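Colleague: Okay, handing you the structure first.
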Amino acid sequence: MPSLEEELFPSTPGKFKIERSHHMNRQLYRCFASSSTVFLWTLFIIALTASYISFQSFIDSGSRYLTASWGGIQWEKQVRSSAQIQRHGGMSVLVTGAAGFVGSHVSIALKRRGDGVVGLDNFNDYYDPSLKKARKALLETHGVFIVEGDVNDAKLLAKLFDVVAFTHVMHLAAQAGVRYAMENPHSYVHSNIAGLVTLMEACKSANPQPAIVWASSSSVYGLNDKVPFSESDRTDQPASLYAATKKAGEEITHTYNHIYGLSITGLRFFTVYGPWGRPDMAYFSFTRNILQGKPITVYRGKNRADLARDFTYIDDIVKGCIGSLDTSEKSTGSGGKKRGPAPYRIFNLGNTSPVTVPTLVNILERHLKVKAKRNVVDMPGNGDVPYTHANISSARRELGYKPTTDLQTGLKKFVKWYLSYYGYNNGKLVN
């Protein structure tokens, strides 16, 4: 029997071609064997790399889950506990912007009377977030849990509605301020339009659909010179981007009411002030600057006319908000489908007693016992309007709304809070 060597290398000259062919086959075999090895190693390395990437992605996902500000068994337990209704015939309310000025006051008022309340706030830095954190701490003492998240987060909203069958939504989250719109216009579109649509989508898909009360603004009256402002007056001449986004919000909510049967009430707030207020508001910044001995800028209108505002104390606004929730009828849709017509309402919430800005400063001087350094200048074209005055007959009739706090009384309460919160004693900052 020929050896393996003989088979591969025969000695017979007549077999040269076959021998050459066998030699070539052997070379090809070695080549393919070597290529297969490399190929297998390549596959192994690719598989190992893919496994590592997949594992790293799993670790990252787990890390994101563990560090997320919402989600998990404990989080759901807190949400359900905060939403628990403690009175007969009560409601369960999702309050957006709950760490804000109006939102914090409304949340506490609802919780005090036994309603379930869950807050939502993104704690942005439009003004000092520490004030929002302090409001959050105050809310926690009243048993209100605040979810830290953005109203644009559709997954978060869906999760909240999955955990709690909210009967009502009090939508107060928004990018506020008229003048800031000239610096950061996109923030207004993001919060006041995109955020509103995201919330409407969550509400129309919820089962049951909640009734919605949301904050529009007196700014929608814009350049309208008919006073007092009534809900039926024209609102198609906004003087600022902020006003334009609020007007857009009224049109958007009307659309969701018409198509999906959402019960919607819009509230046009008139210059809200009081304890725990917003630092960007004139009364707040005036107080700060007067105490610090800094000059304040007081704007005046055409022909040197004083600007005037329908200043409305926070407690009166809260009464209007709760009255709106109490009188709102149920939404008529289910799972995104309309079953019948639902109510759509808009109300002015004001004080009906406009006061000039110089008078506001006079009152602050008396309460602070410090004279203001006034710098009176003409009003720039930054979106502000010279005069606001609310006609509240509709709110009085439909909501039982009746403001009871005048500016003198309201500012006295604000100053008392301000001095306490910021550590003043007899008008001097205590270190």
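In the structure tokens, chains take letters A, B, ... by order of appearance, with residues numbered from 1 within each chain and ligands from 1 in the order shown.
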Excluding Thr312 (chain A) and residues on its chain fewer than 5 positions from it, collect all residues at most 12 Å away from it, counting only C-alpha atoms, and give them as number ranges by chain.
Modeller: A: 102, 218, 268-274, 317-320, 348-355, 388-390, 392, 402-411
Colleague: Quick one: residues within 9 Å of Gly143 (chain A), only C-alpha atoms, excluding same-chain residues fewer than 3 positions away - as an MDAnalysis selection string?
Modeller: chainID A and resid 81:82 108 111 117 139:140
Colleague: Just write the chosen residues, all heavy atoms, as a short mmCIF file (atom, residue, chain, number, x, y, z; two decimals), in the first residue's frame.
Modeller:
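Written out: again_8.cif:
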data_model
loop_
_atom_site.label_atom_id
_atom_site.label_comp_id
_atom_site.auth_asym_id
_atom_site.auth_seq_id
_atom_site.Cartn_x
_atom_site.Cartn_y
_atom_site.Cartn_z
N SER A 81 -49.80 57.29 47.26
CA SER A 81 -50.10 57.82 48.59
C SER A 81 -50.48 59.29 48.53
O SER A 81 -51.44 59.73 49.17
CB SER A 81 -48.89 57.63 49.51
OG SER A 81 -49.12 58.20 50.78
N SER A 82 -49.73 60.06 47.74
CA SER A 82 -50.00 61.49 47.61
C SER A 82 -51.33 61.74 46.91
O SER A 82 -52.02 62.74 47.18
CB SER A 82 -48.86 62.17 46.84
OG SER A 82 -48.97 63.57 46.87
N ILE A 108 -51.34 73.06 48.15
CA ILE A 108 -51.56 73.03 49.60
C ILE A 108 -53.04 73.18 49.93
O ILE A 108 -53.58 72.48 50.80
CB ILE A 108 -50.72 74.12 50.29
CG1 ILE A 108 -49.24 73.77 50.21
CG2 ILE A 108 -51.15 74.30 51.74
CD1 ILE A 108 -48.31 74.85 50.72
N LYS A 111 -54.83 69.91 49.19
CA LYS A 111 -54.45 68.87 50.13
C LYS A 111 -55.09 69.10 51.50
O LYS A 111 -55.53 68.16 52.17
CB LYS A 111 -52.93 68.81 50.26
CG LYS A 111 -52.41 67.52 50.87
CD LYS A 111 -52.63 66.34 49.94
CE LYS A 111 -52.00 65.07 50.49
NZ LYS A 111 -52.23 63.91 49.61
N VAL A 117 -53.36 64.96 45.75
CA VAL A 117 -52.56 65.86 44.92
C VAL A 117 -51.20 65.23 44.61
O VAL A 117 -50.51 64.77 45.52
CB VAL A 117 -52.32 67.22 45.62
CG1 VAL A 117 -51.48 68.14 44.73
CG2 VAL A 117 -53.63 67.89 45.99
N LEU A 139 -44.36 71.84 50.66
CA LEU A 139 -45.40 70.93 50.18
C LEU A 139 -45.27 69.55 50.82
O LEU A 139 -46.27 68.90 51.14
CB LEU A 139 -45.33 70.81 48.66
CG LEU A 139 -45.80 72.03 47.87
CD1 LEU A 139 -45.38 71.92 46.41
CD2 LEU A 139 -47.30 72.18 47.97
N GLU A 140 -44.05 69.10 51.02
CA GLU A 140 -43.83 67.79 51.62
C GLU A 140 -44.36 67.73 53.05
O GLU A 140 -44.84 66.68 53.49
CB GLU A 140 -42.34 67.45 51.59
CG GLU A 140 -41.83 67.12 50.19
CD GLU A 140 -40.32 66.93 50.15
OE1 GLU A 140 -39.64 67.30 51.14
OE2 GLU A 140 -39.82 66.42 49.12
#
Colleague: Select from region 42-245 of chain A everything DSSP, run on the backbone, classes as strand (DSSP E), then give the selection as a ChimeraX atom specification.
Modeller: /A:92-96,116-121,145-148,168-171,211-215
Colleague: What lies within 9 Å of region 247-249 of chain A using only C-alpha atoms, ignoring chain neighbours under 6 positions off, as a PyMOL selection string?
Modeller: chain A and resi 192-193+196-197+216-217+219-221+235-236+238
Colleague: Please return, as a PyMOL selection string, all residues of region 354-397 of chain A that DSSP assigns to alpha helix (DSSP H) on the basis of the backbone.
Modeller: chain A and resi 357-368+393-397
Colleague: May I have the selected residues written with all heavy atoms, as a tab-separated table (two decimals), in the first residue's frame?
Modeller:
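Heads up, here's the output in result14.tsv:
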chain	number	residue	atom	x	y	z
A	357	VAL	N	-48.25	101.76	39.27
A	357	VAL	CA	-46.97	101.25	39.78
A	357	VAL	C	-46.37	102.20	40.83
A	357	VAL	O	-45.86	101.72	41.85
A	357	VAL	CB	-46.00	100.99	38.62
A	357	VAL	CG1	-44.62	100.56	39.16
A	357	VAL	CG2	-46.55	99.88	37.70
A	358	PRO	N	-46.40	103.53	40.63
A	358	PRO	CA	-45.90	104.42	41.70
A	358	PRO	C	-46.63	104.23	43.03
A	358	PRO	O	-46.02	104.31	44.10
A	358	PRO	CB	-46.13	105.82	41.12
A	358	PRO	CG	-46.05	105.63	39.65
A	358	PRO	CD	-46.70	104.30	39.40
A	359	THR	N	-47.94	103.94	42.98
A	359	THR	CA	-48.68	103.68	44.21
A	359	THR	C	-48.20	102.39	44.86
A	359	THR	O	-48.09	102.30	46.09
A	359	THR	CB	-50.19	103.60	43.91
A	359	THR	OG1	-50.63	104.84	43.35
A	359	THR	CG2	-50.98	103.32	45.18
A	360	LEU	N	-47.92	101.38	44.04
A	360	LEU	CA	-47.36	100.14	44.55
A	360	LEU	C	-46.07	100.41	45.31
A	360	LEU	O	-45.85	99.88	46.42
A	360	LEU	CB	-47.10	99.18	43.38
A	360	LEU	CG	-46.20	97.97	43.66
A	360	LEU	CD1	-46.94	96.92	44.47
A	360	LEU	CD2	-45.69	97.35	42.36
A	361	VAL	N	-45.21	101.24	44.74
A	361	VAL	CA	-43.93	101.56	45.38
A	361	VAL	C	-44.17	102.31	46.70
A	361	VAL	O	-43.50	102.05	47.71
A	361	VAL	CB	-43.04	102.39	44.44
A	361	VAL	CG1	-41.74	102.79	45.15
A	361	VAL	CG2	-42.73	101.61	43.17
A	362	ASN	N	-45.13	103.22	46.71
A	362	ASN	CA	-45.45	103.96	47.94
A	362	ASN	C	-45.84	103.01	49.07
A	362	ASN	O	-45.43	103.17	50.23
A	362	ASN	CB	-46.60	104.94	47.69
A	362	ASN	CG	-46.21	106.08	46.77
A	362	ASN	OD1	-45.02	106.35	46.59
A	362	ASN	ND2	-47.20	106.73	46.17
A	363	ILE	N	-46.67	102.01	48.74
A	363	ILE	CA	-47.12	101.04	49.74
A	363	ILE	C	-45.93	100.22	50.26
A	363	ILE	O	-45.81	99.98	51.47
A	363	ILE	CB	-48.21	100.12	49.14
A	363	ILE	CG1	-49.45	100.92	48.77
A	363	ILE	CG2	-48.57	99.02	50.14
A	363	ILE	CD1	-50.51	100.11	48.02
A	364	LEU	N	-45.05	99.80	49.36
A	364	LEU	CA	-43.88	99.04	49.78
A	364	LEU	C	-42.98	99.87	50.69
A	364	LEU	O	-42.45	99.35	51.69
A	364	LEU	CB	-43.07	98.58	48.55
A	364	LEU	CG	-43.66	97.41	47.74
A	364	LEU	CD1	-42.83	97.17	46.48
A	364	LEU	CD2	-43.74	96.14	48.58
A	365	GLU	N	-42.82	101.14	50.38
A	365	GLU	CA	-42.00	102.02	51.23
A	365	GLU	C	-42.55	102.08	52.65
A	365	GLU	O	-41.78	102.04	53.63
A	365	GLU	CB	-41.95	103.43	50.63
A	365	GLU	CG	-41.09	103.55	49.38
A	365	GLU	CD	-41.15	104.95	48.78
A	365	GLU	OE1	-42.21	105.61	48.92
A	365	GLU	OE2	-40.15	105.37	48.16
A	366	ARG	N	-43.87	102.16	52.78
A	366	ARG	CA	-44.48	102.23	54.11
A	366	ARG	C	-44.27	100.94	54.89
A	366	ARG	O	-43.95	100.96	56.09
A	366	ARG	CB	-45.98	102.53	53.99
A	366	ARG	CG	-46.29	103.97	53.59
A	366	ARG	CD	-47.74	104.32	53.87
A	366	ARG	NE	-48.68	103.54	53.08
A	366	ARG	CZ	-49.09	103.89	51.86
A	366	ARG	NH1	-48.63	105.01	51.30
A	366	ARG	NH2	-49.95	103.14	51.22
A	367	HIS	N	-44.44	99.79	54.22
A	367	HIS	CA	-44.29	98.52	54.91
A	367	HIS	C	-42.83	98.20	55.23
A	367	HIS	O	-42.54	97.57	56.26
A	367	HIS	CB	-44.90	97.39	54.07
A	367	HIS	CG	-46.39	97.43	53.98
A	367	HIS	ND1	-47.20	97.66	55.07
A	367	HIS	CD2	-47.24	97.26	52.92
A	367	HIS	CE1	-48.47	97.64	54.70
A	367	HIS	NE2	-48.51	97.39	53.39
A	368	LEU	N	-41.93	98.62	54.37
A	368	LEU	CA	-40.51	98.34	54.58
A	368	LEU	C	-39.82	99.40	55.44
A	368	LEU	O	-38.71	99.18	55.92
A	368	LEU	CB	-39.78	98.27	53.22
A	368	LEU	CG	-40.19	97.12	52.29
A	368	LEU	CD1	-39.59	97.31	50.90
A	368	LEU	CD2	-39.77	95.78	52.87
A	393	SER	N	-67.15	89.37	36.00
A	393	SER	CA	-68.56	89.03	36.18
A	393	SER	C	-68.84	87.56	35.87
A	393	SER	O	-69.65	86.92	36.55
A	393	SER	CB	-69.44	89.94	35.32
A	393	SER	OG	-69.08	89.85	33.96
A	394	SER	N	-68.18	87.01	34.85
A	394	SER	CA	-68.41	85.60	34.50
A	394	SER	C	-67.91	84.67	35.60
A	394	SER	O	-68.59	83.72	35.98
A	394	SER	CB	-67.71	85.26	33.18
A	394	SER	OG	-68.33	85.92	32.10
A	395	ALA	N	-66.71	84.95	36.11
A	395	ALA	CA	-66.16	84.11	37.18
A	395	ALA	C	-66.98	84.24	38.46
A	395	ALA	O	-67.18	83.26	39.19
A	395	ALA	CB	-64.71	84.51	37.46
A	396	ARG	N	-67.48	85.45	38.71
A	396	ARG	CA	-68.32	85.66	39.89
A	396	ARG	C	-69.60	84.83	39.78
A	396	ARG	O	-70.04	84.20	40.74
A	396	ARG	CB	-68.65	87.14	40.03
A	396	ARG	CG	-69.22	87.52	41.40
A	396	ARG	CD	-69.74	88.95	41.37
A	396	ARG	NE	-68.73	89.90	40.96
A	396	ARG	CZ	-67.87	90.50	41.79
A	396	ARG	NH1	-67.90	90.22	43.08
A	396	ARG	NH2	-66.99	91.36	41.34
A	397	ARG	N	-70.17	84.82	38.59
A	397	ARG	CA	-71.44	84.12	38.38
A	397	ARG	C	-71.25	82.60	38.33
A	397	ARG	O	-72.02	81.86	38.94
A	397	ARG	CB	-72.06	84.61	37.07
A	397	ARG	CG	-73.40	83.96	36.73
A	397	ARG	CD	-73.99	84.55	35.46
A	397	ARG	NE	-73.14	84.34	34.29
A	397	ARG	CZ	-72.42	85.29	33.71
A	397	ARG	NH1	-72.41	86.53	34.20
A	397	ARG	NH2	-71.68	85.02	32.66
Colleague: Between A:Lys337, A:Lys204, A:His105, A:Arg300, which one has atoms that come closest to Thr356 (chain A), using only C-alpha atoms?
Modeller: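 Residue with the minimum atom-to-atom distance to Thr356 (chain A): A:Arg300.
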Colleague: Which residue gives the smallest distance to Val79 (chain A) among A:Glu251, A:Asp153, A:Asp162, A:Asp315, with only C-alpha atoms counted?
Modeller: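 That would be A:Asp162, the residue with the smallest distance to Val79 (chain A).
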Colleague: For Leu110 (chain A), find every residue with an atom within 12 Å (counting only C-alpha atoms), except residues of its own chain fewer than 5 positions away, and show them as a PDB file with C-alpha atoms, in the first residue's frame.
Modeller:
ATOM      1  CA  SER A  82     -50.003  61.494  47.609  1.00  0.00           C
ATOM      2  CA  ALA A  83     -52.945  61.003  45.228  1.00  0.00           C
ATOM      3  CA  GLN A  84     -55.090  59.360  47.915  1.00  0.00           C
ATOM      4  CA  ILE A  85     -58.411  61.184  48.419  1.00  0.00           C
ATOM      5  CA  GLN A  86     -59.193  61.880  52.080  1.00  0.00           C
ATOM      6  CA  ARG A  87     -62.702  63.367  51.860  1.00  0.00           C
ATOM      7  CA  GLY A  90     -63.004  64.571  46.712  1.00  0.00           C
ATOM      8  CA  MET A  91     -60.831  64.637  43.622  1.00  0.00           C
ATOM      9  CA  SER A  92     -57.390  63.391  42.628  1.00  0.00           C
ATOM     10  CA  VAL A  93     -55.453  66.192  40.942  1.00  0.00           C
ATOM     11  CA  LEU A  94     -52.231  66.252  38.955  1.00  0.00           C
ATOM     12  CA  VAL A  95     -50.773  69.744  39.441  1.00  0.00           C
ATOM     13  CA  ALA A  98     -46.434  72.465  41.562  1.00  0.00           C
ATOM     14  CA  GLY A 103     -48.898  75.785  41.859  1.00  0.00           C
ATOM     15  CA  SER A 104     -47.578  75.456  45.396  1.00  0.00           C
ATOM     16  CA  HIS A 105     -50.437  77.484  46.878  1.00  0.00           C
ATOM     17  CA  ASP A 115     -58.114  66.067  47.933  1.00  0.00           C
ATOM     18  CA  GLY A 116     -55.407  63.862  46.460  1.00  0.00           C
ATOM     19  CA  VAL A 117     -52.558  65.863  44.918  1.00  0.00           C
ATOM     20  CA  VAL A 118     -49.507  64.824  42.915  1.00  0.00           C
ATOM     21  CA  GLY A 119     -47.148  67.567  41.771  1.00  0.00           C
ATOM     22  CA  LEU A 139     -45.404  70.929  50.182  1.00  0.00           C
ATOM     23  CA  HIS A 142     -48.430  68.859  53.828  1.00  0.00           C
ATOM     24  CA  GLY A 143     -48.072  65.399  52.316  1.00  0.00           C
ATOM     25  CA  VAL A 144     -47.747  66.489  48.680  1.00  0.00           C
ATOM     26  CA  HIS A 168     -58.549  66.467  37.301  1.00  0.00           C
ATOM     27  CA  MET A 170     -54.417  71.637  37.157  1.00  0.00           C
ATOM     28  CA  VAL A 318     -56.346  80.036  44.585  1.00  0.00           C
ATOM     29  CA  LYS A 319     -60.071  80.411  45.289  1.00  0.00           C
ATOM     30  CA  CYS A 321     -58.585  77.860  40.677  1.00  0.00           C
ATOM     31  CA  ILE A 322     -60.368  75.597  43.145  1.00  0.00           C
ATOM     32  CA  GLY A 323     -63.747  76.997  42.107  1.00  0.00           C
ATOM     33  CA  LEU A 325     -61.955  72.533  39.515  1.00  0.00           C
ATOM     34  CA  ASP A 326     -65.120  72.127  41.598  1.00  0.00           C
TER      35      ASP A 326
END
Colleague: Could you tell me how far CA of Leu160 (chain A) sits from CA of Tyr127 (chain A), in Å to one decimal place?
Modeller: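 Interatomic distance here is 26.8 Å.
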Colleague: Quick one: pull the distance between CA of Tyr188 (chain A) and CA of Gln175 (chain A), Å, one decimal.
Modeller: 5.4 Å
Colleague: If I take CA of Val151 (chain A) and CA of Leu172 (chain A), how far is one from the other in Å, to one decimal?
Modeller: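 Separation of CA of Val151 (chain A) and CA of Leu172 (chain A): 10.4 Å.
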Colleague: Counting only C-alpha atoms, which residue out of A:Thr287, A:Val298, A:Lys338, A:Thr327 sits closest to Lys412 (chain A)?
Modeller: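 When distances to Lys412 (chain A) are compared using only C-alpha atoms, the smallest one comes from A:Thr287.
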Colleague: Between A:His258, A:Arg278, A:Lys294, A:Lys416, which is the closest to Phe101 (chain A) once you count only C-alpha atoms?
Modeller: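 Of all the options, A:Arg278 lies closest to Phe101 (chain A).
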